[in-house]
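One file, work-v5.csv, carrying CSV, C-alpha atoms:
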chain,number,residue,atom,x,y,z
A,4,MET,CA,-1.9,23.7,-17.0
A,5,ASP,CA,1.3,25.5,-17.5
A,6,ARG,CA,3.9,26.0,-14.8
A,7,LYS,CA,3.2,29.7,-14.4
A,8,ARG,CA,-0.5,29.1,-13.7
A,9,PHE,CA,0.4,26.4,-11.3
A,10,GLU,CA,2.7,28.7,-9.4
A,11,GLU,CA,0.0,31.4,-9.2
A,12,LEU,CA,-2.5,28.9,-7.7
A,13,ILE,CA,0.1,27.7,-5.2
A,14,ARG,CA,0.7,31.3,-4.1
A,15,VAL,CA,-2.9,31.6,-3.2
A,16,ALA,CA,-3.7,28.2,-1.9
A,17,GLY,CA,-0.4,27.4,-0.3
A,18,PRO,CA,1.8,24.3,-0.7
A,19,ILE,CA,-1.0,21.7,-0.6
A,20,THR,CA,-0.1,19.5,-3.5
A,21,PRO,CA,1.8,16.2,-3.3
A,22,GLU,CA,5.5,16.5,-4.0
A,23,GLY,CA,6.3,16.5,-7.8
A,24,LEU,CA,2.7,17.0,-8.9
A,25,GLU,CA,3.5,19.7,-11.4
A,26,GLN,CA,5.3,17.2,-13.7
A,27,TYR,CA,2.1,15.2,-14.2
A,28,ILE,CA,-0.6,17.9,-14.7
A,29,GLY,CA,0.4,19.6,-17.9
A,30,ASP,CA,-2.6,18.2,-19.7
A,31,LEU,CA,-5.1,19.0,-17.0
A,32,GLU,CA,-7.4,22.0,-16.8
A,33,CYS,CA,-10.3,22.8,-14.4
A,34,SER,CA,-12.9,25.5,-15.1
A,35,ASP,CA,-15.3,24.4,-12.5
A,36,SER,CA,-17.0,27.0,-10.3
A,37,LYS,CA,-17.2,24.7,-7.3
A,38,LEU,CA,-15.0,22.1,-5.7
A,39,LEU,CA,-18.1,20.2,-4.8
A,40,PRO,CA,-21.8,20.9,-5.3
A,41,ALA,CA,-23.5,21.7,-2.0
A,42,GLU,CA,-26.3,19.2,-2.7
A,43,THR,CA,-23.7,16.4,-3.0
A,44,LEU,CA,-22.2,17.2,0.4
A,45,SER,CA,-25.6,17.6,2.0
A,46,THR,CA,-26.6,14.1,0.8
A,47,VAL,CA,-23.4,12.5,2.1
A,48,LEU,CA,-23.9,14.1,5.5
A,49,GLU,CA,-27.5,13.1,5.7
A,50,ASP,CA,-26.7,9.6,4.7
A,51,ASN,CA,-24.2,9.5,7.6
A,52,GLN,CA,-26.5,11.1,10.2
A,53,VAL,CA,-24.5,14.3,10.4
A,54,THR,CA,-27.1,16.9,11.2
A,55,GLY,CA,-27.5,20.2,13.1
A,56,GLU,CA,-24.5,22.3,13.9
A,57,LEU,CA,-22.1,19.6,12.7
A,58,LYS,CA,-23.6,19.6,9.3
A,59,ASP,CA,-23.8,23.4,9.2
A,60,ARG,CA,-20.1,23.7,9.9
A,61,LEU,CA,-19.2,21.5,7.0
A,62,MET,CA,-21.6,23.3,4.7
A,63,ASP,CA,-20.1,26.6,5.7
A,64,ALA,CA,-16.6,25.2,5.1
A,65,LEU,CA,-17.6,24.2,1.6
A,66,ASP,CA,-19.0,27.7,0.9
A,67,ALA,CA,-15.6,29.1,2.0
A,68,VAL,CA,-13.8,26.8,-0.3
A,69,ASN,CA,-16.1,27.5,-3.3
A,70,ALA,CA,-15.6,31.3,-2.7
A,71,CYS,CA,-11.9,30.9,-3.6
A,72,PRO,CA,-11.6,30.2,-7.3
A,73,GLU,CA,-7.9,29.5,-7.2
A,74,LEU,CA,-8.5,26.8,-4.6
A,75,VAL,CA,-11.4,25.4,-6.6
A,76,GLU,CA,-9.2,25.2,-9.7
A,77,LEU,CA,-6.2,23.6,-8.0
A,78,GLY,CA,-8.5,21.2,-6.0
A,79,GLY,CA,-10.1,20.0,-9.2
A,80,ILE,CA,-6.8,19.3,-10.9
A,81,MET,CA,-5.4,17.6,-7.7
A,82,ALA,CA,-8.5,15.3,-7.6
A,83,ARG,CA,-8.1,14.3,-11.2
A,84,ASP,CA,-4.5,13.6,-10.8
A,85,ALA,CA,-5.1,11.7,-7.5
A,86,VAL,CA,-7.1,9.2,-9.5
A,87,ARG,CA,-4.5,8.9,-12.3
A,88,SER,CA,-1.6,8.7,-9.8
A,89,LEU,CA,-2.9,5.4,-8.4
A,90,HIS,CA,-3.0,3.8,-11.9
A,91,ARG,CA,0.2,5.1,-13.2
A,92,CYS,CA,1.6,3.3,-10.2
A,93,THR,CA,3.9,6.1,-9.0
A,94,ALA,CA,4.3,6.4,-5.3
A,95,CYS,CA,2.2,9.3,-4.1
A,96,GLU,CA,2.3,10.2,-0.5
A,97,PHE,CA,-0.9,12.0,0.1
A,98,THR,CA,-0.8,14.4,3.0
A,99,GLN,CA,-3.7,16.3,4.4
A,100,PRO,CA,-3.9,19.6,2.5
A,101,LYS,CA,-4.5,22.7,4.6
A,102,PRO,CA,-4.9,25.7,2.3
A,103,ALA,CA,-3.4,28.9,3.4
A,104,CYS,CA,-6.3,30.9,1.9
A,105,LEU,CA,-8.7,29.4,4.4
A,106,GLU,CA,-9.0,29.9,8.1
A,107,GLY,CA,-10.3,28.0,11.2
A,108,PHE,CA,-12.5,25.0,10.7
A,109,ALA,CA,-12.7,25.5,6.9
A,110,ARG,CA,-9.0,25.0,6.7
A,111,GLU,CA,-9.1,21.8,8.7
A,112,ALA,CA,-12.2,20.6,6.7
A,113,PHE,CA,-10.8,21.1,3.3
A,114,ALA,CA,-9.1,17.6,3.2
A,115,PHE,CA,-12.5,15.9,3.8
A,116,LEU,CA,-14.3,18.0,1.2
A,117,PHE,CA,-11.5,17.2,-1.2
A,118,THR,CA,-12.0,13.5,-0.7
A,119,GLN,CA,-15.6,13.8,-1.8
A,120,ARG,CA,-14.5,15.5,-5.0
A,121,CYS,CA,-12.1,12.6,-5.5
A,122,VAL,CA,-15.0,10.2,-5.2
A,123,LEU,CA,-16.7,11.9,-8.1
A,124,GLU,CA,-13.6,12.0,-10.2
A,125,GLY,CA,-12.7,8.4,-9.4
A,126,ARG,CA,-16.1,7.0,-10.4
A,127,LYS,CA,-16.1,9.1,-13.6
A,128,ALA,CA,-12.7,7.5,-14.5
A,129,LEU,CA,-14.0,4.0,-13.7
A,130,ARG,CA,-17.0,4.4,-15.9
A,131,ALA,CA,-14.8,5.7,-18.7
A,132,ARG,CA,-12.9,2.5,-18.5
A,133,GLY,CA,-16.0,0.4,-18.6
A,134,VAL,CA,-15.6,-0.8,-15.0
A,135,PRO,CA,-19.0,-1.9,-13.7
A,136,GLU,CA,-20.4,-0.1,-10.7
A,137,GLU,CA,-20.3,-3.3,-8.6
A,138,TYR,CA,-16.5,-2.9,-8.2
A,139,ASP,CA,-16.6,0.4,-6.5
A,140,ARG,CA,-20.0,0.0,-4.8
A,141,ASP,CA,-19.4,1.0,-1.1
A,142,ILE,CA,-15.6,1.3,-1.5
A,143,PRO,CA,-15.3,5.1,-0.9
A,144,GLU,CA,-18.3,5.1,1.3
A,145,ARG,CA,-16.7,2.8,3.9
A,146,MET,CA,-14.0,5.4,4.5
A,147,THR,CA,-16.5,8.2,4.5
A,148,ARG,CA,-18.6,6.4,7.1
A,149,LYS,CA,-15.5,6.0,9.3
A,150,GLN,CA,-14.4,9.6,9.0
A,151,LEU,CA,-17.9,11.0,9.7
A,152,ARG,CA,-18.4,8.7,12.6
A,153,LYS,CA,-15.3,10.2,14.1
A,154,TYR,CA,-16.6,13.7,13.3
A,155,ARG,CA,-20.0,12.9,14.9
A,156,ASP,CA,-18.4,11.5,18.0
A,157,THR,CA,-15.6,14.1,18.6
A,158,GLY,CA,-16.2,17.1,16.3
A,159,ASP,CA,-12.7,16.4,14.8
A,160,ILE,CA,-12.6,16.2,11.0
A,161,SER,CA,-8.9,15.5,10.7
A,162,PHE,CA,-7.7,12.1,9.4
A,163,ASP,CA,-5.9,9.3,11.2
A,164,ASP,CA,-4.4,7.8,8.0
A,165,TYR,CA,-5.1,10.1,5.1
A,166,SER,CA,-2.6,8.5,2.7
A,167,TRP,CA,-4.2,5.1,3.0
A,168,ASP,CA,-7.7,6.4,3.0
A,169,MET,CA,-7.1,8.2,-0.3
A,170,ASN,CA,-6.9,4.8,-2.1
A,171,PHE,CA,-10.6,4.4,-1.3
A,172,TYR,CA,-11.7,8.0,-2.0
A,173,ALA,CA,-10.0,7.9,-5.4
A,174,CYS,CA,-11.7,4.6,-6.2
A,175,GLY,CA,-8.3,3.0,-6.8
A,176,ILE,CA,-8.6,0.0,-4.6
A,177,PHE,CA,-10.7,-3.1,-5.3
A,178,LEU,CA,-12.0,-5.8,-3.0
A,179,LEU,CA,-11.9,-9.0,-4.9
A,180,ASP,CA,-13.2,-11.9,-2.9
A,181,ARG,CA,-11.2,-11.6,0.4
A,182,PHE,CA,-8.4,-9.1,-0.3
A,183,TYR,CA,-7.9,-5.6,-1.4
A,184,PHE,CA,-5.8,-4.9,-4.6
A,185,ILE,CA,-4.1,-1.7,-5.8
A,186,PRO,CA,-1.9,-1.2,-8.9
A,187,TYR,CA,1.8,-0.9,-7.8
A,188,ARG,CA,5.2,-0.3,-9.3
A,189,TRP,CA,8.0,-2.5,-8.1
A,190,GLU,CA,10.7,-0.3,-6.5
A,191,GLU,CA,11.9,-3.0,-4.2
A,192,THR,CA,14.9,-5.2,-4.1
A,193,PRO,CA,15.3,-8.2,-4.7
A,194,GLU,CA,15.2,-9.1,-8.3
A,195,ALA,CA,13.6,-12.4,-9.3
A,196,TRP,CA,15.0,-14.8,-11.9
A,197,ARG,CA,13.4,-18.0,-13.3
A,198,ASN,CA,15.2,-21.0,-14.6
A,199,ARG,CA,14.3,-21.5,-18.2
A,200,THR,CA,14.3,-25.3,-17.9
A,201,THR,CA,13.0,-26.1,-14.4
A,202,GLY,CA,10.9,-23.0,-13.8
A,203,ARG,CA,12.6,-22.5,-10.4
A,204,VAL,CA,12.6,-18.9,-9.1
A,205,ALA,CA,15.6,-17.4,-7.4
A,206,ALA,CA,15.7,-13.9,-5.8
A,207,LEU,CA,18.9,-11.9,-5.8
A,208,TRP,CA,19.8,-8.9,-3.5
A,209,LYS,CA,21.4,-5.8,-4.8
A,210,GLY,CA,25.1,-5.1,-3.9
A,211,GLY,CA,26.5,-2.9,-1.2
A,212,VAL,CA,24.1,-3.7,1.5
A,213,ARG,CA,25.1,-4.7,5.0
A,214,VAL,CA,23.4,-7.9,6.2
A,215,ARG,CA,23.5,-9.4,9.7
A,216,GLN,CA,24.5,-13.0,10.2
A,217,ASP,CA,20.8,-13.9,10.8
A,218,GLY,CA,20.0,-12.8,7.2
A,219,GLN,CA,18.2,-9.6,8.3
A,220,LEU,CA,19.3,-6.2,7.2
A,221,ASP,CA,21.8,-4.6,9.5
A,222,GLY,CA,20.2,-1.9,11.7
A,223,VAL,CA,16.6,-3.2,11.5
A,224,ASN,CA,15.0,-2.9,15.0
A,225,GLY,CA,18.1,-0.8,15.9
A,226,ILE,CA,20.3,-4.0,16.0
A,227,THR,CA,23.6,-4.0,14.3
A,228,ASP,CA,26.1,-6.8,13.8
A,229,SER,CA,29.8,-6.2,13.9
A,230,GLU,CA,30.3,-9.3,11.8
A,231,ALA,CA,27.7,-8.4,9.2
A,232,PHE,CA,28.6,-9.1,5.6
A,233,THR,CA,28.2,-6.8,2.6
A,234,THR,CA,26.2,-8.0,-0.4
A,235,VAL,CA,27.6,-8.1,-3.9
A,236,TYR,CA,26.0,-7.9,-7.3
A,237,GLU,CA,28.2,-8.5,-10.4
A,238,ASP,CA,26.9,-8.7,-13.9
A,239,ASP,CA,29.4,-9.3,-16.8
A,240,GLY,CA,26.7,-9.7,-19.4
A,241,GLU,CA,26.7,-13.4,-19.3
A,242,ARG,CA,26.6,-14.3,-15.6
A,243,ILE,CA,25.2,-12.6,-12.5
A,244,THR,CA,26.9,-13.3,-9.1
A,245,ALA,CA,24.9,-12.1,-6.1
A,246,ASN,CA,23.7,-12.9,-2.7
A,247,PRO,CA,20.4,-14.9,-2.9
A,248,VAL,CA,17.4,-14.5,-0.7
A,249,SER,CA,15.9,-17.7,0.6
A,250,PRO,CA,12.1,-18.1,0.0
A,251,GLU,CA,11.5,-17.9,3.8
A,252,GLY,CA,13.0,-14.4,3.8
A,253,HIS,CA,16.7,-14.4,4.7
A,254,ILE,CA,19.6,-13.0,2.7
A,255,ARG,CA,22.3,-15.6,2.4
A,256,ALA,CA,26.0,-14.9,2.9
A,257,LYS,CA,27.2,-17.3,0.2
A,258,THR,CA,26.8,-15.9,-3.3
A,259,VAL,CA,25.3,-17.8,-6.3
A,260,THR,CA,26.1,-17.4,-10.0
A,261,LEU,CA,23.3,-17.5,-12.6
A,262,LYS,CA,24.0,-17.8,-16.3
A,263,ARG,CA,21.8,-15.6,-18.5
A,264,THR,CA,21.4,-18.4,-21.0
A,265,GLU,CA,19.8,-20.5,-18.2
A,266,TRP,CA,17.9,-17.9,-16.3
A,267,GLU,CA,15.4,-15.2,-17.3
A,268,LYS,CA,14.8,-12.1,-15.2
A,269,VAL,CA,11.1,-12.0,-14.3
A,270,LEU,CA,10.9,-9.2,-11.8
A,271,GLY,CA,12.9,-6.0,-11.5
A,272,GLU,CA,12.8,-2.3,-10.7
A,273,GLY,CA,10.0,-0.6,-12.5
A,274,ASP,CA,7.9,-3.6,-13.3
A,275,TYR,CA,4.1,-3.4,-12.7
A,276,MET,CA,2.7,-5.4,-9.8
A,277,ILE,CA,-0.6,-5.6,-8.0
A,278,ALA,CA,-0.4,-4.8,-4.3
A,279,LEU,CA,-2.3,-7.1,-2.0
A,280,HIS,CA,-3.6,-5.7,1.3
A,281,ILE,CA,-5.1,-7.7,4.1
A,282,PRO,CA,-8.4,-6.6,5.8
A,283,GLY,CA,-9.2,-8.2,9.1
A,284,GLY,CA,-11.7,-11.0,9.5
A,285,PRO,CA,-12.0,-14.7,8.7
A,286,GLY,CA,-10.9,-16.4,5.5
A,287,TYR,CA,-7.2,-15.8,5.7
A,288,THR,CA,-6.3,-19.0,3.9
A,289,PRO,CA,-4.2,-20.1,0.9
A,290,GLU,CA,-7.4,-21.0,-0.9
A,291,ARG,CA,-8.8,-17.5,-0.6
A,292,ILE,CA,-5.4,-16.0,-1.6
A,293,ARG,CA,-5.5,-18.1,-4.8
A,294,ASN,CA,-9.1,-17.2,-5.7
A,295,SER,CA,-8.6,-13.5,-4.9
A,296,CYS,CA,-5.4,-13.3,-7.0
A,297,LEU,CA,-7.0,-15.1,-9.9
A,298,LEU,CA,-9.9,-12.6,-9.8
A,299,ALA,CA,-7.4,-9.7,-9.6
A,300,LEU,CA,-5.4,-10.9,-12.6
A,301,ASP,CA,-8.7,-11.2,-14.6
A,302,PHE,CA,-9.9,-7.8,-13.4
A,303,PHE,CA,-6.8,-5.8,-14.1
A,304,GLY,CA,-6.1,-7.7,-17.4
A,305,LYS,CA,-9.6,-6.7,-18.6
A,306,TYR,CA,-9.9,-3.1,-17.4
A,307,TYR,CA,-6.3,-2.0,-17.3
A,308,PRO,CA,-4.8,-3.9,-20.3
A,309,GLU,CA,-2.1,-1.4,-20.9
A,310,TYR,CA,-0.1,-2.8,-18.0
A,311,ARG,CA,1.7,-6.1,-18.0
A,312,TYR,CA,1.5,-7.2,-14.3
A,313,ALA,CA,4.3,-9.5,-13.2
A,314,GLY,CA,2.4,-10.7,-10.1
A,315,PHE,CA,1.6,-9.6,-6.6
A,316,TRP,CA,3.4,-7.7,-3.8
A,317,SER,CA,2.6,-7.3,-0.1
A,318,GLU,CA,4.2,-6.4,3.1
A,319,SER,CA,3.1,-7.3,6.6
A,320,TRP,CA,4.1,-8.6,10.0
A,321,LEU,CA,2.0,-11.6,9.2
A,322,PHE,CA,4.6,-12.7,6.7
A,323,ASP,CA,7.4,-12.9,9.3
A,324,PRO,CA,8.4,-16.6,9.4
A,325,ALA,CA,9.1,-16.1,13.1
A,326,ILE,CA,5.4,-15.7,13.6
A,327,GLY,CA,4.8,-18.9,11.6
A,328,ALA,CA,7.3,-20.7,13.8
A,329,ILE,CA,5.4,-19.7,16.9
A,330,LEU,CA,2.0,-20.9,15.5
A,331,GLY,CA,3.2,-24.1,13.8
A,332,PRO,CA,2.9,-25.2,10.2
A,333,GLU,CA,-0.8,-26.0,10.1
A,334,ARG,CA,-2.1,-22.6,11.2
A,335,ASN,CA,-3.5,-20.4,8.4
A,336,ILE,CA,-0.9,-17.6,9.0
A,337,SER,CA,1.9,-20.1,8.5
A,338,ARG,CA,0.2,-21.7,5.5
A,339,VAL,CA,-0.3,-18.4,3.8
A,340,GLN,CA,3.3,-17.4,4.4
A,341,ARG,CA,4.5,-20.4,2.4
A,342,GLN,CA,2.6,-19.3,-0.7
A,343,PHE,CA,4.8,-16.3,-1.1
A,344,TYR,CA,8.5,-15.6,-1.7
A,345,CYS,CA,9.5,-13.6,1.4
A,346,TYR,CA,12.3,-11.0,1.7
A,347,PRO,CA,13.5,-8.8,4.5
A,348,THR,CA,12.8,-5.1,4.9
A,349,MET,CA,14.1,-2.3,7.1
A,350,GLU,CA,10.8,-2.3,8.9
A,351,GLY,CA,11.1,-3.9,12.4
A,352,ASP,CA,8.4,-5.0,14.7
A,353,ASP,CA,6.4,-1.7,15.1
A,354,MET,CA,3.6,-3.2,12.9
A,355,ALA,CA,3.5,-6.4,15.0
A,356,ARG,CA,3.4,-4.3,18.2
A,357,LEU,CA,0.7,-2.1,16.8
A,358,GLU,CA,-1.5,-5.1,15.7
A,359,VAL,CA,-1.0,-7.1,18.9
A,360,LEU,CA,-0.6,-4.4,21.6
A,361,HIS,CA,-2.5,-1.7,19.7
A,362,ASP,CA,0.5,0.7,20.2
A,363,ALA,CA,3.8,0.5,18.4
A,364,LYS,CA,5.6,1.8,21.4
A,365,ALA,CA,3.8,-0.1,24.1
A,366,ASP,CA,5.7,-2.3,26.6
A,367,TYR,CA,4.4,-5.8,26.2
A,368,ARG,CA,5.2,-6.6,29.8
A,369,ILE,CA,2.2,-4.6,31.1
A,370,PHE,CA,-0.1,-6.9,29.0
A,371,ARG,CA,-1.4,-10.3,29.9
A,372,ALA,CA,-1.0,-12.8,27.0
A,373,LYS,CA,-4.4,-14.2,26.0
A,374,THR,CA,-3.7,-16.3,22.9
A,375,ALA,CA,-1.0,-18.8,21.8
A,376,LEU,CA,0.4,-16.2,19.4
A,377,GLU,CA,0.7,-13.6,22.1
A,378,ARG,CA,2.3,-16.0,24.6
A,379,GLY,CA,4.8,-17.0,21.9
A,380,MET,CA,5.6,-13.4,21.0
A,381,PHE,CA,5.9,-12.3,24.6
A,382,SER,CA,8.3,-15.2,25.3
A,383,ALA,CA,10.3,-14.3,22.2
A,384,TRP,CA,10.6,-10.7,23.4
A,385,ASP,CA,11.6,-11.9,26.9
A,386,ARG,CA,14.5,-13.8,25.2
A,387,GLY,CA,15.6,-10.6,23.4
A,388,GLU,CA,14.3,-11.7,20.0
A,389,ARG,CA,12.6,-9.3,17.6
A,390,PHE,CA,10.0,-9.6,14.8
A,391,HIS,CA,10.1,-8.0,11.3
A,392,THR,CA,7.7,-6.7,8.8
A,393,THR,CA,8.4,-8.9,5.8
A,394,GLY,CA,7.9,-8.2,2.1
A,395,VAL,CA,6.6,-10.8,-0.3
A,396,PHE,CA,6.0,-11.4,-3.9
A,397,LEU,CA,4.0,-13.9,-5.8
A,398,LEU,CA,4.6,-14.1,-9.6
A,399,LYS,CA,1.5,-14.6,-11.7
A,400,GLU,CA,2.7,-17.9,-13.0
A,401,GLU,CA,2.6,-19.4,-9.5
A,402,VAL,CA,-0.9,-18.2,-8.7
A,403,PRO,CA,-2.7,-21.4,-9.8
A,404,GLY,CA,-0.3,-23.3,-7.6
A,405,VAL,CA,-1.0,-21.4,-4.4
A,406,GLY,CA,-1.8,-23.9,-1.7
A,407,LYS,CA,1.2,-26.1,-2.8
A,408,ASP,CA,4.0,-23.9,-1.4
A,409,PRO,CA,5.3,-22.9,-4.8
A,410,TYR,CA,8.5,-21.3,-3.5
A,411,TRP,CA,9.3,-22.8,-0.1
A,412,LYS,CA,9.5,-26.3,-1.4
A,413,GLU,CA,12.6,-25.2,-3.3
A,414,GLY,CA,14.4,-24.5,0.0

Kindly return the structure encoded in the file as structure tokens.
Amino acid sequence: MDRKRFEELIRVAGPITPEGLEQYIGDLECSDSKLLPAETLSTVLEDNQVTGELKDRLMDALDAVNACPELVELGGIMARDAVRSLHRCTACEFTQPKPACLEGFAREAFAFLFTQRCVLEGRKALRARGVPEEYDRDIPERMTRKQLRKYRDTGDISFDDYSWDMNFYACGIFLLDRFYFIPYRWEETPEAWRNRTTGRVAALWKGGVRVRQDGQLDGVNGITDSEAFTTVYEDDGERITANPVSPEGHIRAKTVTLKRTEWEKVLGEGDYMIALHIPGGPGYTPERIRNSCLLALDFFGKYYPEYRYAGFWSESWLFDPAIGAILGPERNISRVQRQFYCYPTMEGDDMARLEVLHDAKADYRIFRAKTALERGMFSAWDRGERFHTTGVFLLKEEVPGVGKDPYWKEG
């Protein structure tokens, strides 16, 4: 699609595309007469017990979409690129599209109808790669069920977390044993370096960043430190001098110097990673981490061989070592933390509050602590302490050693 045609479609449909989409769709065309066949939508609704007036409203919304050829064309291209965007590992912040050419309920319903087109495109792309159906069986459907349950109960078709849900609708997320995995491009700091002789891994922070004395980024949780230090990163071609990150997730004030003849860079900006996401439920153990990651390396190596994945990335309140300190070293949350190399982020304790209090802005003092974790967290908040969403990486070479604290034992 050329830029002129893209601009024509946007004039009719409105600004419904993810930012920067036009740079990726030059090779895409869509001559379809419908965004989604009516019989496909009808089957989805019947499978989810959406009947009567609720079904009629969505079927009428689809008719309104299909009556706008510019929206059908743009929607088809958007769906095909949504599938590709996940596997080219570029950040794509999907936002609920609300086409200007539609009105009323049809405008609100377009995002859901678009997700169902994405399911068709996602599965087509998986079959073209030779990915067996078992890997996407019930993946998009679990999000469709959630969305249509809300619609049945409330009549509201809007999404609570559209950007996350799109991973499922575009068939770009895979459940391998216990954990979800998505292709990811490392845009984070720190860098990771491996000693060529010992195999030891060291993480280095970029320069020019203010860090509190507790090793957390200055300003996280709204807390600043008048005695914060500023990180340095100096590379003369032979040596790199920078502030290291401890495996438990703190940036250290004292710099280290690594010789390039002795250290090899194994993780840096732009490298391909596999994002690990944590669904709720039992089995959150190092053993399941290891097994799931081994399966993921095999899966992505087989079906996406064009990428050279350096390892795994994740980010969660569960990785905050302060949580592990509350629970003690033998609890699974603590044991899992020690299998990863942790690093600080600018995300504070909103995620922890959301998971524990079910509201990121809730006041913990109105709750009664029911578990050891809650009692420990409430006591920490009473003392003025705060928790942090923590980032982690696990390089592929360490995956077989998960369960033996591959980074933390190095101190």

Taking only residues of region 87-146 of chain A that have an atom at most 9 Å from an atom of region 31-53 of chain A, what is each one's shortest atom pair and its distance in Å to one decimal, using all atoms listed in the file, in chain and number order, as a tab-separated table?
residue	atom	partner	partner_atom	distance
A:Leu116	CA	A:Leu39	CA	7.4
A:Phe117	CA	A:Leu38	CA	7.5
A:Gln119	CA	A:Leu39	CA	7.5
A:Arg120	CA	A:Leu39	CA	5.9

Suppose we keep C-alpha atoms; can you now write the selection as a PDB file, keeping the file's coordinate frame?
ATOM      1  CA  LEU A 116     -14.300  18.000   1.200  1.00  0.00           C
ATOM      2  CA  PHE A 117     -11.500  17.200  -1.200  1.00  0.00           C
ATOM      3  CA  GLN A 119     -15.600  13.800  -1.800  1.00  0.00           C
ATOM      4  CA  ARG A 120     -14.500  15.500  -5.000  1.00  0.00           C
TER       5      ARG A 120
END

Report task. In the coordinate frame of the file, compute which residues have an atom within 10 Å of (-6.8, 25.4, -7.8) when using only C-alpha atoms, and state them as a VMD selection string. Result -> chain A and resid 8 to 9 11 to 13 15 to 16 19 to 20 32 to 35 38 71 to 81

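Coordinates place CA of Ala195 (chain A) at a distance of 12.5 Å from CA of Trp316 (chain A).
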
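Among the candidate residues A:Ile28, A:Val214, A:Leu220, A:Ile185, the one lying nearest to Ala256 (chain A) is A:Val214, with distances computed using only C-alpha atoms.
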
**Report entry** Protein, DNA and RNA residues within 10 Å of (-3.3, -8.9, 18.2), all atoms listed in the file, as a PyMOL selection string
**Finding:** chain A and resi 355-361+372-374+376-377

Query raised in the report: Of the candidates A:Ile254, A:Cys174, A:Leu207, A:Val339, which one gets nearest to Lys407 (chain A) if we count all atoms listed in the file?
Result: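 Smallest separation from Lys407 (chain A) among the options: A:Val339.
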
**Report entry** From A:Gly218, A:Pro100, A:Pro332, A:Gly327, residue lying nearest Ala231 (chain A) [all atoms listed in the file]
**Finding:**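 Using all atoms listed in the file, Ala231 (chain A) sits closest to A:Gly218.
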
Requested in this report: Name all residues at most 12 Å from His280 (chain A) (count all atoms listed in the file; drop same-chain ones fewer than 5 positions away) and give them as a VMD selection string.
Outcome: chain A and resid 167 170 176 to 179 181 to 187 287 292 295 to 296 315 to 321 394 to 395

Would you save the residues of that selection, restricted to C-alpha atoms, as a PDB file, in the coordinates of the input?
ATOM      1  CA  TRP A 167      -4.200   5.100   3.000  1.00  0.00           C
ATOM      2  CA  ASN A 170      -6.900   4.800  -2.100  1.00  0.00           C
ATOM      3  CA  ILE A 176      -8.600   0.000  -4.600  1.00  0.00           C
ATOM      4  CA  PHE A 177     -10.700  -3.100  -5.300  1.00  0.00           C
ATOM      5  CA  LEU A 178     -12.000  -5.800  -3.000  1.00  0.00           C
ATOM      6  CA  LEU A 179     -11.900  -9.000  -4.900  1.00  0.00           C
ATOM      7  CA  ARG A 181     -11.200 -11.600   0.400  1.00  0.00           C
ATOM      8  CA  PHE A 182      -8.400  -9.100  -0.300  1.00  0.00           C
ATOM      9  CA  TYR A 183      -7.900  -5.600  -1.400  1.00  0.00           C
ATOM     10  CA  PHE A 184      -5.800  -4.900  -4.600  1.00  0.00           C
ATOM     11  CA  ILE A 185      -4.100  -1.700  -5.800  1.00  0.00           C
ATOM     12  CA  PRO A 186      -1.900  -1.200  -8.900  1.00  0.00           C
ATOM     13  CA  TYR A 187       1.800  -0.900  -7.800  1.00  0.00           C
ATOM     14  CA  TYR A 287      -7.200 -15.800   5.700  1.00  0.00           C
ATOM     15  CA  ILE A 292      -5.400 -16.000  -1.600  1.00  0.00           C
ATOM     16  CA  SER A 295      -8.600 -13.500  -4.900  1.00  0.00           C
ATOM     17  CA  CYS A 296      -5.400 -13.300  -7.000  1.00  0.00           C
ATOM     18  CA  PHE A 315       1.600  -9.600  -6.600  1.00  0.00           C
ATOM     19  CA  TRP A 316       3.400  -7.700  -3.800  1.00  0.00           C
ATOM     20  CA  SER A 317       2.600  -7.300  -0.100  1.00  0.00           C
ATOM     21  CA  GLU A 318       4.200  -6.400   3.100  1.00  0.00           C
ATOM     22  CA  SER A 319       3.100  -7.300   6.600  1.00  0.00           C
ATOM     23  CA  TRP A 320       4.100  -8.600  10.000  1.00  0.00           C
ATOM     24  CA  LEU A 321       2.000 -11.600   9.200  1.00  0.00           C
ATOM     25  CA  GLY A 394       7.900  -8.200   2.100  1.00  0.00           C
ATOM     26  CA  VAL A 395       6.600 -10.800  -0.300  1.00  0.00           C
TER      27      VAL A 395
END

Requested in this report: Please indicate the distance in Å from CA of Asp362 (chain A) to CA of Asp217 (chain A), rounded to one decimal place.
Outcome: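 About the pair CA of Asp362 (chain A) and CA of Asp217 (chain A): they are 26.7 Å apart.
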
Requested in this report: Calculate how many Å separate CA of Ala205 (chain A) from CA of Pro289 (chain A), rounding to one decimal.
Outcome: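 According to the coordinates, CA of Ala205 (chain A) and CA of Pro289 (chain A) are separated by 21.6 Å.
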
Query - Pick from A:Glu251, A:Asp323, A:Glu190, A:Glu272 nearest to Pro409 (chain A), counting all atoms listed in the file - result: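 The closest residue to Pro409 (chain A) is A:Glu251.
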
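Across A:Gly210, A:Gly271, A:Pro285, A:Pro193, the tightest approach to Tyr344 (chain A) is made by A:Pro193 when counting all atoms listed in the file.
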
**Report entry** A:Asp84, A:Asp221, A:Asp385, A:Glu400 ranked by distance to Glu350 (chain A), top pick (using all atoms listed in the file)
**Finding:** A:Asp221

Query - All residues 8 Å or closer to Pro21 (chain A), only C-alpha atoms, same chain fewer than 3 positions away omitted, as a list of chain:residue names - result: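 Counting only C-alpha atoms, the residues come to A:Leu24, A:Cys95, A:Glu96, A:Phe97, A:Thr98.
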
Closest contacts (region 262-314 of chain A/region 125-145 of chain A, max 10 Å, only C-alpha atoms) as a Markdown table:
| residue | atom | partner | partner_atom | distance |
| --- | --- | --- | --- | --- |
| A:Phe302 | CA | A:Val134 | CA | 9.2 |
| A:Lys305 | CA | A:Val134 | CA | 9.2 |
| A:Tyr306 | CA | A:Arg132 | CA | 6.4 |
| A:Tyr307 | CA | A:Arg132 | CA | 8.1 |
